file entry_25.csv (CSV, N, CA and C atoms)
chain,number,residue,atom,x,y,z
A,685,MET,N,195.1,3.6,152.2
A,685,MET,CA,195.1,4.7,151.3
A,685,MET,C,195.6,6.0,152.1
A,686,LYS,N,196.5,6.6,151.5
A,686,LYS,CA,197.1,7.8,152.1
A,686,LYS,C,197.4,8.9,151.1
A,687,PHE,N,197.1,10.1,151.4
A,687,PHE,CA,197.3,11.3,150.5
A,687,PHE,C,198.5,12.1,151.0
A,688,PHE,N,199.2,12.7,150.0
A,688,PHE,CA,200.4,13.4,150.2
A,688,PHE,C,200.4,14.8,149.5
A,689,THR,N,201.1,15.7,150.1
A,689,THR,CA,201.3,17.0,149.4
A,689,THR,C,202.8,17.4,149.8
A,690,TYR,N,203.6,17.7,148.9
A,690,TYR,CA,205.0,18.0,149.2
A,690,TYR,C,205.1,19.5,149.7
A,691,PRO,N,206.1,19.8,150.5
A,691,PRO,CA,206.2,21.2,151.1
A,691,PRO,C,206.5,22.2,150.0
A,692,GLY,N,206.1,23.5,150.3
A,692,GLY,CA,206.3,24.6,149.5
A,692,GLY,C,205.1,25.1,148.8
A,693,PHE,N,205.2,25.5,147.6
A,693,PHE,CA,204.1,26.1,146.8
A,693,PHE,C,202.8,25.2,146.8
A,694,THR,N,203.0,23.9,146.7
A,694,THR,CA,201.8,23.1,146.6
A,694,THR,C,201.0,23.0,147.9
A,695,GLU,N,201.6,23.3,149.0
A,695,GLU,CA,200.8,23.4,150.2
A,695,GLU,C,199.7,24.4,150.2
A,696,GLY,N,200.0,25.6,149.6
A,696,GLY,CA,199.0,26.6,149.4
A,696,GLY,C,198.0,26.2,148.4
A,697,LEU,N,198.4,25.5,147.3
A,697,LEU,CA,197.4,25.0,146.3
A,697,LEU,C,196.4,24.0,147.0
A,698,SER,N,197.0,23.1,147.8
A,698,SER,CA,196.2,22.1,148.5
A,698,SER,C,195.2,22.7,149.4
A,699,THR,N,195.6,23.8,150.2
A,699,THR,CA,194.7,24.4,151.1
A,699,THR,C,193.6,25.2,150.3
A,700,HIS,N,194.0,26.0,149.3
A,700,HIS,CA,193.1,26.8,148.6
A,700,HIS,C,192.1,26.0,147.8
A,701,SER,N,192.5,24.9,147.2
A,701,SER,CA,191.6,24.2,146.3
A,701,SER,C,191.2,22.8,146.9
A,702,HIS,N,191.6,22.5,148.1
A,702,HIS,CA,191.2,21.3,148.8
A,702,HIS,C,191.5,20.0,148.0
A,703,TYR,N,192.7,19.8,147.7
A,703,TYR,CA,193.1,18.6,147.1
A,703,TYR,C,194.5,18.2,147.5
A,704,SER,N,194.9,17.0,147.1
A,704,SER,CA,196.3,16.5,147.4
A,704,SER,C,197.1,16.3,146.2
A,705,GLN,N,198.4,16.3,146.3
A,705,GLN,CA,199.3,16.1,145.1
A,705,GLN,C,199.4,14.6,144.7
A,706,SER,N,199.2,13.7,145.7
A,706,SER,CA,199.3,12.3,145.3
A,706,SER,C,198.5,11.4,146.2
A,707,LEU,N,198.3,10.2,145.8
A,707,LEU,CA,197.6,9.2,146.6
A,707,LEU,C,198.4,7.9,146.5
A,708,ARG,N,198.7,7.3,147.6
A,708,ARG,CA,199.3,6.0,147.6
A,708,ARG,C,198.3,5.0,148.1
A,709,LEU,N,198.1,4.0,147.2
A,709,LEU,CA,197.1,3.0,147.5
A,709,LEU,C,197.9,1.6,147.4
A,710,ASN,N,198.2,1.0,148.5
A,710,ASN,CA,199.1,-0.2,148.5
A,710,ASN,C,200.4,0.1,147.7
A,711,ASN,N,200.5,-0.6,146.6
A,711,ASN,CA,201.8,-0.4,145.8
A,711,ASN,C,201.7,0.5,144.6
A,712,LYS,N,200.6,1.3,144.6
A,712,LYS,CA,200.4,2.2,143.5
A,712,LYS,C,200.4,3.7,144.0
A,713,ILE,N,201.0,4.6,143.2
A,713,ILE,CA,200.9,6.0,143.4
A,713,ILE,C,200.3,6.7,142.2
A,714,HIS,N,199.3,7.5,142.5
A,714,HIS,CA,198.7,8.3,141.5
A,714,HIS,C,198.9,9.8,141.8
A,715,THR,N,199.2,10.6,140.8
A,715,THR,CA,199.5,12.0,141.1
A,715,THR,C,198.4,12.9,140.5
A,716,SER,N,198.3,14.1,141.2
A,716,SER,CA,197.5,15.2,140.5
A,716,SER,C,198.4,15.7,139.5
A,717,GLY,N,197.9,16.5,138.6
A,717,GLY,CA,198.7,17.1,137.5
A,717,GLY,C,199.7,18.1,138.1
A,718,GLN,N,201.0,17.9,137.7
A,718,GLN,CA,202.1,18.7,138.2
A,718,GLN,C,202.5,19.7,137.1
A,719,GLY,N,202.5,21.0,137.4
A,719,GLY,CA,202.9,22.0,136.4
A,719,GLY,C,204.4,22.3,136.6
A,720,GLY,N,204.9,23.2,135.8
A,720,GLY,CA,206.3,23.5,135.8
A,720,GLY,C,206.6,24.6,136.8
A,721,TRP,N,205.9,24.7,137.9
A,721,TRP,CA,206.1,25.8,138.9
A,721,TRP,C,207.3,25.5,139.7
A,722,ASN,N,207.9,26.6,140.1
A,722,ASN,CA,209.0,26.6,141.1
A,722,ASN,C,208.4,26.1,142.4
A,723,GLN,N,209.1,25.1,143.0
A,723,GLN,CA,208.5,24.4,144.2
A,723,GLN,C,208.4,25.4,145.4
A,724,SER,N,209.2,26.4,145.4
A,724,SER,CA,209.2,27.4,146.5
A,724,SER,C,208.3,28.6,146.2
A,725,THR,N,208.4,29.2,145.0
A,725,THR,CA,207.8,30.4,144.7
A,725,THR,C,206.5,30.3,143.9
A,726,GLY,N,206.4,29.2,143.2
A,726,GLY,CA,205.2,29.0,142.3
A,726,GLY,C,205.3,29.6,141.0
A,727,GLN,N,206.5,30.3,140.7
A,727,GLN,CA,206.7,31.0,139.4
A,727,GLN,C,206.8,29.9,138.3
A,728,ILE,N,206.3,30.3,137.1
A,728,ILE,CA,206.4,29.4,135.9
A,728,ILE,C,207.6,30.0,135.1
A,729,PRO,N,208.5,29.1,134.7
A,729,PRO,CA,209.6,29.6,133.8
A,729,PRO,C,209.1,30.2,132.5
A,730,THR,N,209.8,31.1,131.9
A,730,THR,CA,209.4,31.6,130.6
A,730,THR,C,209.9,30.7,129.5
A,731,SER,N,210.9,30.0,129.7
A,731,SER,CA,211.4,29.0,128.7
A,731,SER,C,210.6,27.8,128.8
A,732,ILE,N,210.1,27.3,127.6
A,732,ILE,CA,209.3,26.1,127.5
A,732,ILE,C,210.1,24.9,128.0
A,733,LYS,N,211.4,24.8,127.6
A,733,LYS,CA,212.2,23.7,128.0
A,733,LYS,C,212.4,23.7,129.6
A,734,GLU,N,212.6,24.8,130.2
A,734,GLU,CA,212.7,24.9,131.6
A,734,GLU,C,211.4,24.5,132.3
A,735,GLU,N,210.3,25.0,131.7
A,735,GLU,CA,209.0,24.6,132.3
A,735,GLU,C,208.7,23.1,132.3
A,736,ILE,N,209.0,22.5,131.1
A,736,ILE,CA,208.8,21.1,131.0
A,736,ILE,C,209.7,20.3,132.0
A,737,ASN,N,210.9,20.7,132.0
A,737,ASN,CA,211.9,20.1,132.9
A,737,ASN,C,211.4,20.2,134.4
A,738,GLN,N,210.9,21.4,134.8
A,738,GLN,CA,210.5,21.6,136.1
A,738,GLN,C,209.2,20.8,136.4
A,739,ALA,N,208.3,20.6,135.5
A,739,ALA,CA,207.1,19.8,135.7
A,739,ALA,C,207.5,18.4,135.9
A,740,PHE,N,208.5,17.9,135.2
A,740,PHE,CA,209.0,16.5,135.4
A,740,PHE,C,209.7,16.4,136.7
A,741,THR,N,210.4,17.4,137.1
A,741,THR,CA,211.1,17.4,138.4
A,741,THR,C,210.0,17.4,139.5
A,742,ASN,N,208.9,18.1,139.4
A,742,ASN,CA,207.8,18.2,140.3
A,742,ASN,C,207.2,16.8,140.5
A,743,VAL,N,207.0,16.1,139.3
A,743,VAL,CA,206.5,14.7,139.4
A,743,VAL,C,207.4,13.8,140.2
A,744,GLU,N,208.7,13.9,140.0
A,744,GLU,CA,209.7,13.2,140.7
A,744,GLU,C,209.6,13.4,142.2
A,745,THR,N,209.4,14.7,142.6
A,745,THR,CA,209.3,15.1,144.0
A,745,THR,C,208.0,14.5,144.6
A,746,VAL,N,206.9,14.6,143.9
A,746,VAL,CA,205.6,14.1,144.5
A,746,VAL,C,205.6,12.6,144.6
A,747,LEU,N,206.3,11.9,143.7
A,747,LEU,CA,206.4,10.4,143.8
A,747,LEU,C,207.2,10.0,145.0
A,748,LYS,N,208.3,10.7,145.2
A,748,LYS,CA,209.2,10.4,146.3
A,748,LYS,C,208.5,10.8,147.7
A,749,SER,N,207.7,11.8,147.7
A,749,SER,CA,207.0,12.2,148.9
A,749,SER,C,206.0,11.2,149.3
A,750,ALA,N,205.6,10.3,148.4
A,750,ALA,CA,204.6,9.3,148.6
A,750,ALA,C,205.3,7.9,148.8
A,751,GLY,N,206.6,7.9,148.9
A,751,GLY,CA,207.4,6.7,149.1
A,751,GLY,C,207.9,6.0,147.9
A,752,GLY,N,207.7,6.6,146.7
A,752,GLY,CA,208.3,6.0,145.5
A,752,GLY,C,209.7,6.3,145.3
A,753,LYS,N,210.3,5.7,144.2
A,753,LYS,CA,211.6,6.0,143.8
A,753,LYS,C,211.7,7.1,142.8
A,754,GLY,N,210.6,7.3,142.1
A,754,GLY,CA,210.7,8.3,141.0
A,754,GLY,C,210.2,7.8,139.7
A,755,TRP,N,210.7,8.4,138.6
A,755,TRP,CA,210.2,8.1,137.3
A,755,TRP,C,210.4,6.7,136.8
A,756,THR,N,211.4,5.9,137.4
A,756,THR,CA,211.6,4.6,136.9
A,756,THR,C,210.5,3.6,137.3
A,757,GLU,N,209.6,4.1,138.2
A,757,GLU,CA,208.4,3.3,138.6
A,757,GLU,C,207.1,3.7,137.9
A,758,VAL,N,207.2,4.7,137.1
A,758,VAL,CA,206.0,5.2,136.4
A,758,VAL,C,205.6,4.3,135.2
A,759,TYR,N,204.3,3.9,135.2
A,759,TYR,CA,203.9,3.1,134.0
A,759,TYR,C,202.9,3.8,133.1
A,760,LYS,N,202.4,5.0,133.6
A,760,LYS,CA,201.4,5.7,132.7
A,760,LYS,C,201.6,7.2,132.9
A,761,VAL,N,201.6,7.9,131.8
A,761,VAL,CA,201.8,9.4,131.8
A,761,VAL,C,200.7,10.0,131.0
A,762,ASN,N,200.1,11.0,131.6
A,762,ASN,CA,199.1,11.8,130.9
A,762,ASN,C,199.7,13.2,130.8
A,763,LEU,N,199.8,13.8,129.6
A,763,LEU,CA,200.3,15.1,129.4
A,763,LEU,C,199.2,16.0,128.9
A,764,TYR,N,199.1,17.2,129.4
A,764,TYR,CA,198.2,18.2,129.0
A,764,TYR,C,199.0,19.4,128.7
A,765,TYR,N,199.0,19.9,127.4
A,765,TYR,CA,199.8,21.0,127.1
A,765,TYR,C,199.1,22.0,126.1
A,766,THR,N,199.5,23.2,126.1
A,766,THR,CA,198.9,24.2,125.2
A,766,THR,C,199.6,24.3,123.9
A,767,LYS,N,199.1,25.1,123.0
A,767,LYS,CA,199.6,25.1,121.6
A,767,LYS,C,201.0,25.5,121.5
A,768,GLU,N,201.5,26.2,122.5
A,768,GLU,CA,202.9,26.6,122.5
A,768,GLU,C,203.9,25.4,122.6
A,769,ILE,N,203.4,24.3,123.2
A,769,ILE,CA,204.2,23.1,123.2
A,769,ILE,C,203.8,22.2,122.1
A,770,ALA,N,202.6,22.3,121.6
A,770,ALA,CA,202.2,21.4,120.5
A,770,ALA,C,202.8,21.8,119.1
A,771,THR,N,204.1,21.9,119.1
A,771,THR,CA,204.9,22.2,117.9
A,771,THR,C,205.9,21.1,117.7
A,772,GLU,N,206.5,21.0,116.6
A,772,GLU,CA,207.6,20.0,116.4
A,772,GLU,C,208.7,20.2,117.4
A,773,GLU,N,209.1,21.4,117.6
A,773,GLU,CA,210.2,21.7,118.6
A,773,GLU,C,209.7,21.3,120.0
A,774,GLY,N,208.5,21.7,120.4
A,774,GLY,CA,208.0,21.4,121.7
A,774,GLY,C,207.9,19.9,122.0
A,775,ILE,N,207.4,19.2,121.0
A,775,ILE,CA,207.3,17.7,121.1
A,775,ILE,C,208.7,17.1,121.2
A,776,SER,N,209.6,17.6,120.5
A,776,SER,CA,211.0,17.1,120.5
A,776,SER,C,211.6,17.3,121.9
A,777,VAL,N,211.3,18.5,122.5
A,777,VAL,CA,211.8,18.8,123.9
A,777,VAL,C,211.2,17.8,124.9
A,778,LEU,N,209.9,17.6,124.7
A,778,LEU,CA,209.2,16.7,125.6
A,778,LEU,C,209.8,15.3,125.6
A,779,GLY,N,210.1,14.8,124.4
A,779,GLY,CA,210.8,13.5,124.2
A,779,GLY,C,212.1,13.4,124.9
A,780,GLU,N,212.9,14.5,124.7
A,780,GLU,CA,214.2,14.6,125.3
A,780,GLU,C,214.2,14.6,126.8
A,781,ILE,N,213.2,15.3,127.4
A,781,ILE,CA,213.1,15.4,128.8
A,781,ILE,C,212.5,14.1,129.4
A,782,MET,N,211.6,13.4,128.7
A,782,MET,CA,211.0,12.2,129.1
A,782,MET,C,212.2,11.1,129.2
A,783,LYS,N,213.0,11.1,128.1
A,783,LYS,CA,214.2,10.2,128.1
A,783,LYS,C,215.1,10.5,129.3
A,784,LYS,N,215.4,11.7,129.6
A,784,LYS,CA,216.2,12.1,130.6
A,784,LYS,C,215.7,11.6,132.0
A,785,PHE,N,214.4,11.7,132.2
A,785,PHE,CA,213.9,11.2,133.5
A,785,PHE,C,213.6,9.7,133.6
A,786,CYS,N,213.2,9.1,132.5
A,786,CYS,CA,212.9,7.7,132.5
A,786,CYS,C,214.1,6.8,132.2
A,787,GLY,N,215.1,7.3,131.5
A,787,GLY,CA,216.2,6.5,131.0
A,787,GLY,C,215.9,5.9,129.6
A,788,GLU,N,216.9,5.4,129.0
A,788,GLU,CA,216.8,4.9,127.6
A,788,GLU,C,215.8,3.8,127.5
A,789,GLN,N,215.8,2.8,128.4
A,789,GLN,CA,215.0,1.6,128.3
A,789,GLN,C,213.5,1.7,128.8
A,790,HIS,N,213.3,2.6,129.8
A,790,HIS,CA,212.0,2.6,130.5
A,790,HIS,C,211.1,3.5,129.6
A,791,ARG,N,210.0,3.0,129.1
A,791,ARG,CA,209.1,3.7,128.2
A,791,ARG,C,207.7,3.5,128.7
A,792,PRO,N,207.2,4.4,129.6
A,792,PRO,CA,205.8,4.2,130.1
A,792,PRO,C,204.8,4.5,129.0
A,793,LEU,N,203.6,4.1,129.3
A,793,LEU,CA,202.4,4.4,128.4
A,793,LEU,C,202.3,6.0,128.4
A,794,LEU,N,201.8,6.5,127.3
A,794,LEU,CA,201.7,8.0,127.2
A,794,LEU,C,200.4,8.4,126.5
A,795,THR,N,199.7,9.3,127.1
A,795,THR,CA,198.6,10.0,126.5
A,795,THR,C,198.9,11.5,126.5
A,796,ALA,N,198.8,12.1,125.4
A,796,ALA,CA,199.1,13.6,125.3
A,796,ALA,C,197.9,14.3,124.7
A,797,VAL,N,197.5,15.4,125.3
A,797,VAL,CA,196.3,16.1,124.9
A,797,VAL,C,196.6,17.6,124.8
A,798,GLU,N,196.3,18.2,123.7
A,798,GLU,CA,196.5,19.7,123.6
A,798,GLU,C,195.2,20.3,124.2
A,799,VAL,N,195.4,21.3,125.0
A,799,VAL,CA,194.3,22.0,125.7
A,799,VAL,C,194.4,23.5,125.4
A,800,ALA,N,193.2,24.2,125.6
A,800,ALA,CA,193.2,25.6,125.4
A,800,ALA,C,193.9,26.4,126.5
A,801,GLY,N,193.9,25.8,127.7
A,801,GLY,CA,194.5,26.5,128.9
A,801,GLY,C,194.6,25.5,130.0
A,802,LEU,N,195.4,25.9,131.0
A,802,LEU,CA,195.5,25.1,132.2
A,802,LEU,C,195.2,26.0,133.5
A,803,ALA,N,195.3,25.3,134.6
A,803,ALA,CA,194.7,26.0,135.9
A,803,ALA,C,195.4,27.3,136.3
A,804,LEU,N,196.7,27.4,136.2
A,804,LEU,CA,197.4,28.6,136.6
A,804,LEU,C,197.8,29.4,135.4
A,805,GLN,N,197.7,30.7,135.5
A,805,GLN,CA,198.1,31.6,134.4
A,805,GLN,C,199.5,31.4,134.1
A,806,GLY,N,199.8,31.3,132.8
A,806,GLY,CA,201.1,31.1,132.3
A,806,GLY,C,201.6,29.6,132.1
A,807,MET,N,200.8,28.7,132.7
A,807,MET,CA,201.2,27.3,132.6
A,807,MET,C,200.9,26.8,131.2
A,808,ARG,N,201.9,26.0,130.7
A,808,ARG,CA,201.8,25.5,129.3
A,808,ARG,C,201.8,24.0,129.3
A,809,ILE,N,202.1,23.4,130.5
A,809,ILE,CA,202.1,21.9,130.6
A,809,ILE,C,201.7,21.4,132.0
A,810,GLU,N,201.0,20.3,132.0
A,810,GLU,CA,200.7,19.6,133.2
A,810,GLU,C,200.9,18.1,133.0
A,811,VAL,N,201.5,17.5,134.0
A,811,VAL,CA,201.9,16.1,133.9
A,811,VAL,C,201.3,15.3,135.0
A,812,GLU,N,200.6,14.3,134.7
A,812,GLU,CA,199.9,13.4,135.7
A,812,GLU,C,200.4,12.0,135.5
A,813,VAL,N,200.8,11.3,136.5
A,813,VAL,CA,201.3,9.9,136.3
A,813,VAL,C,200.7,8.9,137.3
A,814,SER,N,200.9,7.6,136.9
A,814,SER,CA,200.6,6.5,137.8
A,814,SER,C,201.9,5.7,137.9
A,815,ALA,N,202.2,5.2,139.1
A,815,ALA,CA,203.5,4.4,139.3
A,815,ALA,C,203.2,3.2,140.1
A,816,LEU,N,203.9,2.2,139.8
A,816,LEU,CA,203.9,0.9,140.6
A,816,LEU,C,205.1,0.8,141.4
A,817,VAL,N,205.0,0.8,142.7
A,817,VAL,CA,206.2,0.8,143.6
A,817,VAL,C,206.4,-0.6,144.2
A,818,GLU,N,207.6,-0.8,144.6
A,818,GLU,CA,208.0,-2.1,145.3
A,818,GLU,C,207.3,-2.1,146.6
A,819,GLY,N,206.8,-3.3,147.0
A,819,GLY,CA,206.2,-3.5,148.3
A,819,GLY,C,205.0,-2.7,148.6
A,820,GLU,N,204.3,-2.9,149.7
A,820,GLU,CA,203.1,-2.2,150.1
A,820,GLU,C,203.5,-1.3,151.2
A,821,GLU,N,202.7,-0.2,151.3
A,821,GLU,CA,202.9,0.7,152.5
A,821,GLU,C,202.3,0.2,153.7
call {"tool": "encode", "arguments": {"input": "entry_25.csv", "output": "structure tokens"}}
result
Amino acid sequence: MKFFTYPGFTEGLSTHSHYSQSLRLNNKIHTSGQGGWNQSTGQIPTSIKEEINQAFTNVETVLKSAGGKGWTEVYKVNLYYTKEIATEEGISVLGEIMKKFCGEQHRPLLTAVEVAGLALQGMRIEVEVSALVEGEE
């Protein structure tokens, strides 16, 4: 079992809140919730589409930091989002970005939950995943 935190903004989160961004256990990777923060500055985009895209990019980064290949190995996704995303337009954007990162044929399990708020001010989405990677560490 090995824990990972990728460089940049999340190092401060890890130190402040005493947690890791991911865990690799043999051939599985589990992630902490990834927001749409800029990996260097921690800023949250004002555009919902940009925030969702950045959250998915952050998931890709944390998976690769733990030795995975990225979204193609993800088998389970948990989405937590606020009312700003829980709209027809927001859900459509989520589907578009999910397809962009997973590809046309890869369709992981998905649980989506609307929440009143998230950990950091201004966050509207948090993405948590589990992935099955080739080989053992």
call {"tool": "residues_near_point", "arguments": {"input": "entry_25.csv", "point": "(201.5, 24.3, 130.0)", "cutoff": "8 Å", "atoms": "all atoms listed in the file", "output": "mmCIF file with N, CA and C atoms, keeping the file's coordinate frame"}}
result
data_model
loop_
_atom_site.group_PDB
_atom_site.id
_atom_site.type_symbol
_atom_site.label_atom_id
_atom_site.label_comp_id
_atom_site.auth_asym_id
_atom_site.auth_seq_id
_atom_site.Cartn_x
_atom_site.Cartn_y
_atom_site.Cartn_z
ATOM 1 N N GLY A 719 202.500 21.000 137.400
ATOM 2 C CA GLY A 719 202.900 22.000 136.400
ATOM 3 C C GLY A 719 204.400 22.300 136.600
ATOM 4 N N GLY A 720 204.900 23.200 135.800
ATOM 5 C CA GLY A 720 206.300 23.500 135.800
ATOM 6 C C GLY A 720 206.600 24.600 136.800
ATOM 7 N N GLU A 735 210.300 25.000 131.700
ATOM 8 C CA GLU A 735 209.000 24.600 132.300
ATOM 9 C C GLU A 735 208.700 23.100 132.300
ATOM 10 N N ILE A 736 209.000 22.500 131.100
ATOM 11 C CA ILE A 736 208.800 21.100 131.000
ATOM 12 C C ILE A 736 209.700 20.300 132.000
ATOM 13 N N TYR A 764 199.100 17.200 129.400
ATOM 14 C CA TYR A 764 198.200 18.200 129.000
ATOM 15 C C TYR A 764 199.000 19.400 128.700
ATOM 16 N N TYR A 765 199.000 19.900 127.400
ATOM 17 C CA TYR A 765 199.800 21.000 127.100
ATOM 18 C C TYR A 765 199.100 22.000 126.100
ATOM 19 N N THR A 766 199.500 23.200 126.100
ATOM 20 C CA THR A 766 198.900 24.200 125.200
ATOM 21 C C THR A 766 199.600 24.300 123.900
ATOM 22 N N LYS A 767 199.100 25.100 123.000
ATOM 23 C CA LYS A 767 199.600 25.100 121.600
ATOM 24 C C LYS A 767 201.000 25.500 121.500
ATOM 25 N N GLU A 768 201.500 26.200 122.500
ATOM 26 C CA GLU A 768 202.900 26.600 122.500
ATOM 27 C C GLU A 768 203.900 25.400 122.600
ATOM 28 N N ILE A 769 203.400 24.300 123.200
ATOM 29 C CA ILE A 769 204.200 23.100 123.200
ATOM 30 C C ILE A 769 203.800 22.200 122.100
ATOM 31 N N GLY A 801 193.900 25.800 127.700
ATOM 32 C CA GLY A 801 194.500 26.500 128.900
ATOM 33 C C GLY A 801 194.600 25.500 130.000
ATOM 34 N N LEU A 802 195.400 25.900 131.000
ATOM 35 C CA LEU A 802 195.500 25.100 132.200
ATOM 36 C C LEU A 802 195.200 26.000 133.500
ATOM 37 N N ALA A 803 195.300 25.300 134.600
ATOM 38 C CA ALA A 803 194.700 26.000 135.900
ATOM 39 C C ALA A 803 195.400 27.300 136.300
ATOM 40 N N GLY A 806 199.800 31.300 132.800
ATOM 41 C CA GLY A 806 201.100 31.100 132.300
ATOM 42 C C GLY A 806 201.600 29.600 132.100
ATOM 43 N N MET A 807 200.800 28.700 132.700
ATOM 44 C CA MET A 807 201.200 27.300 132.600
ATOM 45 C C MET A 807 200.900 26.800 131.200
ATOM 46 N N ARG A 808 201.900 26.000 130.700
ATOM 47 C CA ARG A 808 201.800 25.500 129.300
ATOM 48 C C ARG A 808 201.800 24.000 129.300
ATOM 49 N N ILE A 809 202.100 23.400 130.500
ATOM 50 C CA ILE A 809 202.100 21.900 130.600
ATOM 51 C C ILE A 809 201.700 21.400 132.000
ATOM 52 N N GLU A 810 201.000 20.300 132.000
ATOM 53 C CA GLU A 810 200.700 19.600 133.200
ATOM 54 C C GLU A 810 200.900 18.100 133.000
ATOM 55 N N VAL A 811 201.500 17.500 134.000
ATOM 56 C CA VAL A 811 201.900 16.100 133.900
ATOM 57 C C VAL A 811 201.300 15.300 135.000
#
call {"tool": "closest_residue", "arguments": {"input": "entry_25.csv", "among": "A:Gly751, A:Leu697, A:Gly774, A:Arg708", "to": "Glu734 (chain A)", "atoms": "only C-alpha atoms"}}
result
A:Gly774
call {"tool": "residues_around", "arguments": {"input": "entry_25.csv", "residues": "Lys712 (chain A)", "least_positions_apart": "2", "cutoff": "8 Å", "atoms": "all atoms listed in the file", "output": "VMD selection string"}}
result
chain A and resid 707 to 710 714 to 715 814 to 821
call {"tool": "residues_near_point", "arguments": {"input": "entry_25.csv", "point": "(212.8, 9.1, 129.5)", "cutoff": "12 Å", "atoms": "only C-alpha atoms", "output": "MDAnalysis selection string"}}
result
chainID A and resid 737 740 754:759 761 777:794
call {"tool": "closest_residue", "arguments": {"input": "entry_25.csv", "among": "A:Ser731, A:Pro691, A:Val746, A:Lys753", "to": "Gln705 (chain A)", "atoms": "all atoms listed in the file"}}
result
A:Val746
call {"tool": "closest_residue", "arguments": {"input": "entry_25.csv", "among": "A:Gly692, A:His702, A:Val743, A:Gly752", "to": "Thr725 (chain A)", "atoms": "only C-alpha atoms"}}
result
A:Gly692
call {"tool": "closest_residue", "arguments": {"input": "entry_25.csv", "among": "A:Ile713, A:Leu804, A:Ile775, A:Val799", "to": "Glu744 (chain A)", "atoms": "only C-alpha atoms"}}
result
A:Ile713
